[in-house]
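Colleague: Before I ask anything, let me first share the structure, which is written out below as C-alpha cells.
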Amino acid sequence: MLDLKFIRENPEKVKQGIANKNEKDRVDEILQLDKHRRELIAHSEELKAKRNQVSAEIPKLKKAGQDVTEILAEMKKVSDSITELDVKLREVESQLNEILMYIPNLPHESVPVGKSSEENVEVRRWLPEGFSFESENGIKPLDHIELGKKLNILDFERGAKVSGSGFPVYKGKGATLERALINFMLDYHLQHHGYSEIFPPFLVNRDSMRGTGQLPKMEEDMYHIEKDGLYPIPTAEVPITNLHREEVLNEKDLPVKYVGYSACFRREAGSYGKESKGFLRVHQFNKVEMVKFVKPETSYDELELLVKDAEDILQALKIPYRILMLCSGDLSFAAAKCYDIETWSPAENRWLEASSCSNFEDFQARRANIRFRNDQTKKLEYVHTLNGSGLATSRLMVSILENYQTPEGKVIVPPVLQRYTGFNVIG
RNA sequence: GGAGAGGUGGCAGAGUGGUUGAAUGCGGCGGUCUUGAAAACCGUUGAGGAUGCAAGUCCUCCGGGGGUUCGAAUCCCUCCCUCUCCGCCA
C-alpha cells in the first residue's frame, strides 16, 4: 500500500509509476475521496470537541443545582449529527482504502521502463566450467518428462489421477532427490548466509494474504478454503513475512533474516495450455524461500545480497544461470525492484525462471503494519521487506535432470547433493 | 464437537458511566549519588489522525463490529481470538 500523504503530495509521480507498471491508475479518484474525507473529519471533529466540552460541564451544572434539560436536548442533536457524519466518513474511508489496496507499488528509479518481459535486462550470467550450449555428440538431450518416465522417478499421470493436472508425483530416487535438494538449500543458507529457519503454516488467513499483497488483487490465482476462511499459501513469503505483522521490531535486531521451506499452491487461473507440460507450470511445488526485514536505507544493498545468496546455491550445484533485472512492466504488484534468476534447460533450449528476488520497500510493511523503533529519532518507521526464492525446486529439477544426464540416459546426482541422497547416480 | 475462563499501554495487573489515555509494579530512557557499576532516590516513558511554517490546538483508540446515553474501558447485543478441562485424533 502506498502512503496516502505521498500520493496527495506527488500525484504525478504516482501516476507515472503506475503507468510504467502497465496498470490503470485511479489517482484522481483517490485525491477526490481524500479531499472529501478530510472535510468530513474536520466537521465531525469540530462537533466532537464541542460535545466533549459540554459533557464535562454537565455534572458541574447539575451539582450547582441548575436545570440542564435544554442542554441535553441540544447535545442530543449534536450527537446525532456526529453519528451521521461518521457514517459518511466510514463509507468514504472504506472506498478509499479499497482503492488503495489495488494500487501497485511504484518501480524504483533504477528499474528500466519497459512494457513486458521482452524488455527485461540481463545483468550477468554464470556457466559452470566446461559448459557448452551445444551437446557434444550432437544427440538431442532428453527432456525432464522423458527422463522422469524412463528412470521411473516422476509420475505426472498418476498425479493427475489423484489430484488433477499440475500435481506432480515424485517417486523412488526422484522423491529422494527432491528432498535432498530442499535440505541442501536450507542447510546452505543456514550455514553460509546467516538465516534462521522457519517451518511455516501452509494455510493462512485473509489478513496475512492482504498483508503481503496477494489479496485483494490476485484473488483468482489463490486457492481458497471457504469453510474455514483459509488460503493455501502460494509461497512461504506469505506466512513468513506475516510472522511480524502488527509488530514493532528492535532496530538492533535488523536485518531479520528467515529461510523456510514450504509447498506452494497456485491456481494458475487462465494459464492452461501455456507451458503446461511437466514441471514448467504446476499447481503445487516446493520452494525454499528467504525473507528479510531490514532498515530502509539498506534495502537495496540487501537485495543484491539476496540475489547472491540464491546464486551461491546454483554455483554449488553447477547449474548454468543468468540474472535478469525486470523492467517496470514485468514487475509484480508489490515489488519495487526484482531480479529473476533463470536456469538453463538443454532440452527446452531456453532459460527457465527458478527464482525471483524482490525488494518491496515499505509496501508490504505498510499493509501488514510491520515497524521498527528508530534508535536515533525514537520514532516508529516501517521496515523494508524483501524476499527471494532460494530456490523453487520444480524448475531447478528440470535443469538438474537435463544438465546432469549422461549419453546412456542416466542422471548423475550433483556432487554436493550426494551426501544427502545416499546415491550418486539415477538409472 | 461439549463445558468453562479470559482478552486493558513493551510486559504484568487495577479500574463505582462524568478531567481515566487509563492506578500500581516491572521494563525502557534521563538524572542525582559512585573511581566505575549495582542498589537507592527523583523525573520521564503509547499509537494513529485533522489542522498549522512552527510552537501548538483538536479528534480517535482499553480484541473487532454494532447499540444505549448529553457522556462508555465501565451497561447491552454480536463476532473473533487465546487459555483450561472433557471427547476425538496424526
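Chain labels run A, B, ... following the order of the C-alpha cells; each chain numbers its residues from 1, and ligands are numbered from 1 in the order shown.
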Tell me the residues of chain B close to chain A, meaning within 9 Å using only C-alpha atoms (C1' of nucleotides), as a ChimeraX atom specification.
Modeller: /B:18-19,50-51,58-59,70-71
Colleague: Tell me, as a PDB file with C-alpha atoms (C1' of nucleotides), in the first residue's frame, which residues lie within 8 Å of region 76-82 of chain B, counting only C-alpha atoms (C1' of nucleotides); anything in the same chain fewer than 6 positions away does not count.
Modeller:
```
ATOM      1  C1'   G B   6     -10.366 -14.583  29.812  1.00  0.00           C
ATOM      2  C1'   G B   7      -8.971 -10.632  26.136  1.00  0.00           C
ATOM      3  C1'   G B  63      -9.832  -7.757  20.981  1.00  0.00           C
ATOM      4  C1'   G B  64     -13.339  -6.405  16.163  1.00  0.00           C
ATOM      5  C1'   G B  65     -18.225  -4.550  14.850  1.00  0.00           C
ATOM      6  C1'   G B  66     -22.994  -2.580  16.383  1.00  0.00           C
ATOM      7  C1'   G B  67     -26.258  -0.383  20.205  1.00  0.00           C
ATOM      8  C1'   U B  68     -28.000   2.521  24.864  1.00  0.00           C
TER       9        U B  68
END
```
Colleague: Run DSSP on the backbone and tell me which residues of region 263-324 of chain A come out as strand (DSSP E or B); list them as a list in words.
Modeller: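 Secondary structure check on region 263-324 of chain A, strand (DSSP E or B): Ala263, Cys264, Phe265, Gln284, Phe285, Asn286, Lys287, Val288, Glu289, Met290, Val291, Lys292, Phe293, Val294, Tyr321, Arg322, Ile323 and Leu324 of chain A.
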Colleague: Hey, can you spit out that residue selection with N, CA, C and O atoms as a PDB file, in the first residue's frame?
Modeller:
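File selection11.pdb, as written:
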```
ATOM      1  N   ALA A 263       5.607 -26.098   0.735  1.00  0.00           N
ATOM      2  CA  ALA A 263       4.920 -26.407  -0.515  1.00  0.00           C
ATOM      3  C   ALA A 263       4.196 -25.128  -0.919  1.00  0.00           C
ATOM      4  O   ALA A 263       3.822 -24.329  -0.054  1.00  0.00           O
ATOM      5  N   CYS A 264       4.030 -24.910  -2.210  1.00  0.00           N
ATOM      6  CA  CYS A 264       3.369 -23.709  -2.701  1.00  0.00           C
ATOM      7  C   CYS A 264       2.211 -24.111  -3.610  1.00  0.00           C
ATOM      8  O   CYS A 264       2.349 -25.026  -4.414  1.00  0.00           O
ATOM      9  N   PHE A 265       1.101 -23.410  -3.433  1.00  0.00           N
ATOM     10  CA  PHE A 265      -0.112 -23.786  -4.160  1.00  0.00           C
ATOM     11  C   PHE A 265      -0.611 -22.621  -5.000  1.00  0.00           C
ATOM     12  O   PHE A 265      -0.847 -21.534  -4.484  1.00  0.00           O
ATOM     13  N   GLN A 284       1.128 -27.296  -7.561  1.00  0.00           N
ATOM     14  CA  GLN A 284       1.827 -27.471  -6.282  1.00  0.00           C
ATOM     15  C   GLN A 284       3.294 -27.721  -6.544  1.00  0.00           C
ATOM     16  O   GLN A 284       3.647 -28.555  -7.378  1.00  0.00           O
ATOM     17  N   PHE A 285       4.135 -26.954  -5.850  1.00  0.00           N
ATOM     18  CA  PHE A 285       5.563 -27.197  -5.981  1.00  0.00           C
ATOM     19  C   PHE A 285       6.253 -26.863  -4.664  1.00  0.00           C
ATOM     20  O   PHE A 285       5.628 -26.347  -3.731  1.00  0.00           O
ATOM     21  N   ASN A 286       7.523 -27.202  -4.605  1.00  0.00           N
ATOM     22  CA  ASN A 286       8.292 -26.983  -3.376  1.00  0.00           C
ATOM     23  C   ASN A 286       9.247 -25.816  -3.546  1.00  0.00           C
ATOM     24  O   ASN A 286       9.805 -25.620  -4.608  1.00  0.00           O
ATOM     25  N   LYS A 287       9.395 -25.080  -2.482  1.00  0.00           N
ATOM     26  CA  LYS A 287      10.274 -23.912  -2.598  1.00  0.00           C
ATOM     27  C   LYS A 287      10.908 -23.609  -1.247  1.00  0.00           C
ATOM     28  O   LYS A 287      10.281 -23.716  -0.191  1.00  0.00           O
ATOM     29  N   VAL A 288      12.171 -23.216  -1.314  1.00  0.00           N
ATOM     30  CA  VAL A 288      12.852 -22.686  -0.134  1.00  0.00           C
ATOM     31  C   VAL A 288      12.878 -21.173  -0.331  1.00  0.00           C
ATOM     32  O   VAL A 288      13.319 -20.688  -1.367  1.00  0.00           O
ATOM     33  N   GLU A 289      12.371 -20.465   0.644  1.00  0.00           N
ATOM     34  CA  GLU A 289      12.193 -19.028   0.491  1.00  0.00           C
ATOM     35  C   GLU A 289      12.996 -18.266   1.541  1.00  0.00           C
ATOM     36  O   GLU A 289      13.038 -18.648   2.705  1.00  0.00           O
ATOM     37  N   MET A 290      13.604 -17.174   1.086  1.00  0.00           N
ATOM     38  CA  MET A 290      14.332 -16.307   2.018  1.00  0.00           C
ATOM     39  C   MET A 290      13.523 -15.021   2.193  1.00  0.00           C
ATOM     40  O   MET A 290      13.026 -14.466   1.210  1.00  0.00           O
ATOM     41  N   VAL A 291      13.406 -14.582   3.429  1.00  0.00           N
ATOM     42  CA  VAL A 291      12.663 -13.348   3.714  1.00  0.00           C
ATOM     43  C   VAL A 291      13.509 -12.469   4.624  1.00  0.00           C
ATOM     44  O   VAL A 291      14.106 -12.961   5.587  1.00  0.00           O
ATOM     45  N   LYS A 292      13.561 -11.175   4.303  1.00  0.00           N
ATOM     46  CA  LYS A 292      14.324 -10.255   5.154  1.00  0.00           C
ATOM     47  C   LYS A 292      13.476  -9.058   5.571  1.00  0.00           C
ATOM     48  O   LYS A 292      12.692  -8.539   4.782  1.00  0.00           O
ATOM     49  N   PHE A 293      13.695  -8.639   6.803  1.00  0.00           N
ATOM     50  CA  PHE A 293      13.134  -7.381   7.312  1.00  0.00           C
ATOM     51  C   PHE A 293      14.329  -6.468   7.578  1.00  0.00           C
ATOM     52  O   PHE A 293      15.194  -6.827   8.395  1.00  0.00           O
ATOM     53  N   VAL A 294      14.383  -5.332   6.914  1.00  0.00           N
ATOM     54  CA  VAL A 294      15.603  -4.518   7.005  1.00  0.00           C
ATOM     55  C   VAL A 294      15.290  -3.038   7.209  1.00  0.00           C
ATOM     56  O   VAL A 294      14.159  -2.591   7.021  1.00  0.00           O
ATOM     57  N   TYR A 321      23.179 -20.384 -15.189  1.00  0.00           N
ATOM     58  CA  TYR A 321      22.041 -19.495 -14.940  1.00  0.00           C
ATOM     59  C   TYR A 321      22.359 -18.089 -15.410  1.00  0.00           C
ATOM     60  O   TYR A 321      23.510 -17.756 -15.693  1.00  0.00           O
ATOM     61  N   ARG A 322      21.327 -17.287 -15.495  1.00  0.00           N
ATOM     62  CA  ARG A 322      21.528 -15.868 -15.784  1.00  0.00           C
ATOM     63  C   ARG A 322      20.608 -15.048 -14.876  1.00  0.00           C
ATOM     64  O   ARG A 322      19.593 -15.558 -14.386  1.00  0.00           O
ATOM     65  N   ILE A 323      20.990 -13.798 -14.667  1.00  0.00           N
ATOM     66  CA  ILE A 323      20.224 -12.899 -13.809  1.00  0.00           C
ATOM     67  C   ILE A 323      19.590 -11.832 -14.680  1.00  0.00           C
ATOM     68  O   ILE A 323      20.259 -11.184 -15.478  1.00  0.00           O
ATOM     69  N   LEU A 324      18.293 -11.644 -14.508  1.00  0.00           N
ATOM     70  CA  LEU A 324      17.585 -10.592 -15.221  1.00  0.00           C
ATOM     71  C   LEU A 324      17.097  -9.542 -14.246  1.00  0.00           C
ATOM     72  O   LEU A 324      16.601  -9.876 -13.174  1.00  0.00           O
TER      73      LEU A 324
END
```
Colleague: Quick one, how far is CA of Leu230 (chain A) from CA of Pro201 (chain A)?
Modeller: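 Separation of CA of Leu230 (chain A) and CA of Pro201 (chain A): 11.0 Å.
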Colleague: Please compute the CA of Leu33 (chain A)-CA of Glu84 (chain A) distance, one decimal, in Å.
Modeller: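 Between these atoms lies a distance of 17.6 Å.
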Colleague: Under the rule that only C-alpha atoms are counted, which of A:Thr176, A:Ile240, A:Ile225, A:Leu186 is the nearest residue to Pro200 (chain A)?
Modeller: A:Ile240
Colleague: Find, counting only C-alpha atoms (C1' of nucleotides), the residue in B:G4, B:G10, B:G15, B:G43 that gets nearest to G28 (chain B).
Modeller: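 Among the listed residues, B:G10 lies closest to G28 (chain B).
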Colleague: To test your reading of the structure, identify every residue in region 46-260 of chain A that backbone DSSP assigns to helix (DSSP H, G or I), and report it as a PyMOL selection string.
Modeller: chain A and resi 46-63+69-101+117-119+144-150+156-162+172-192+206-212+219-221+226-228+237-244+251-253
Colleague: Could you name the residues that touch region 336-342 of chain A at 7 Å or less, counting only C-alpha atoms (C1' of nucleotides), but leaving out those on the same chain fewer than 5 positions away, as a ChimeraX atom specification?
Modeller: /A:105-108,111,321-326,331,351-361
Colleague: Mind dumping the selected residues with C-alpha atoms as a PDB file, in the first residue's frame?
Modeller:
```
ATOM      1  CA  ASN A 105       3.931  -0.407  -5.594  1.00  0.00           C
ATOM      2  CA  LEU A 106       5.949   2.031  -7.677  1.00  0.00           C
ATOM      3  CA  PRO A 107       9.080   0.883  -9.546  1.00  0.00           C
ATOM      4  CA  HIS A 108      12.408   2.017  -8.099  1.00  0.00           C
ATOM      5  CA  VAL A 111      14.354  -0.125 -12.795  1.00  0.00           C
ATOM      6  CA  TYR A 321      22.041 -19.495 -14.940  1.00  0.00           C
ATOM      7  CA  ARG A 322      21.528 -15.868 -15.784  1.00  0.00           C
ATOM      8  CA  ILE A 323      20.224 -12.899 -13.809  1.00  0.00           C
ATOM      9  CA  LEU A 324      17.585 -10.592 -15.221  1.00  0.00           C
ATOM     10  CA  MET A 325      16.570  -7.235 -13.885  1.00  0.00           C
ATOM     11  CA  LEU A 326      12.850  -6.997 -14.537  1.00  0.00           C
ATOM     12  CA  LEU A 331       7.296  -6.244 -12.026  1.00  0.00           C
ATOM     13  CA  TRP A 351      16.136 -20.306 -19.732  1.00  0.00           C
ATOM     14  CA  LEU A 352      13.603 -21.164 -17.021  1.00  0.00           C
ATOM     15  CA  GLU A 353      12.713 -18.901 -14.123  1.00  0.00           C
ATOM     16  CA  ALA A 354      13.798 -20.570 -10.899  1.00  0.00           C
ATOM     17  CA  SER A 355      13.960 -17.634  -8.546  1.00  0.00           C
ATOM     18  CA  SER A 356      12.610 -14.184  -8.095  1.00  0.00           C
ATOM     19  CA  CYS A 357      14.249 -11.776  -5.634  1.00  0.00           C
ATOM     20  CA  SER A 358      12.344  -8.627  -4.794  1.00  0.00           C
ATOM     21  CA  ASN A 359      12.531  -5.512  -2.703  1.00  0.00           C
ATOM     22  CA  PHE A 360       9.079  -4.389  -1.628  1.00  0.00           C
ATOM     23  CA  GLU A 361      10.388  -1.368   0.240  1.00  0.00           C
TER      24      GLU A 361
END
```
Colleague: Extract, using only C-alpha atoms (C1' of nucleotides), all DNA, RNA and protein residues at most 12 Å from Thr406 (chain A), discarding same-chain residues fewer than 2 positions from it, and format them as a PyMOL selection string.
Modeller: chain A and resi 135-137+139-142+147+400-404+408-413+425-427
Colleague: Report, in Å with one decimal, the straight-line distance from CA of Gln16 (chain A) to CA of Thr212 (chain A).
Modeller: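 Rounded to one decimal, the two atoms are 23.2 Å apart.
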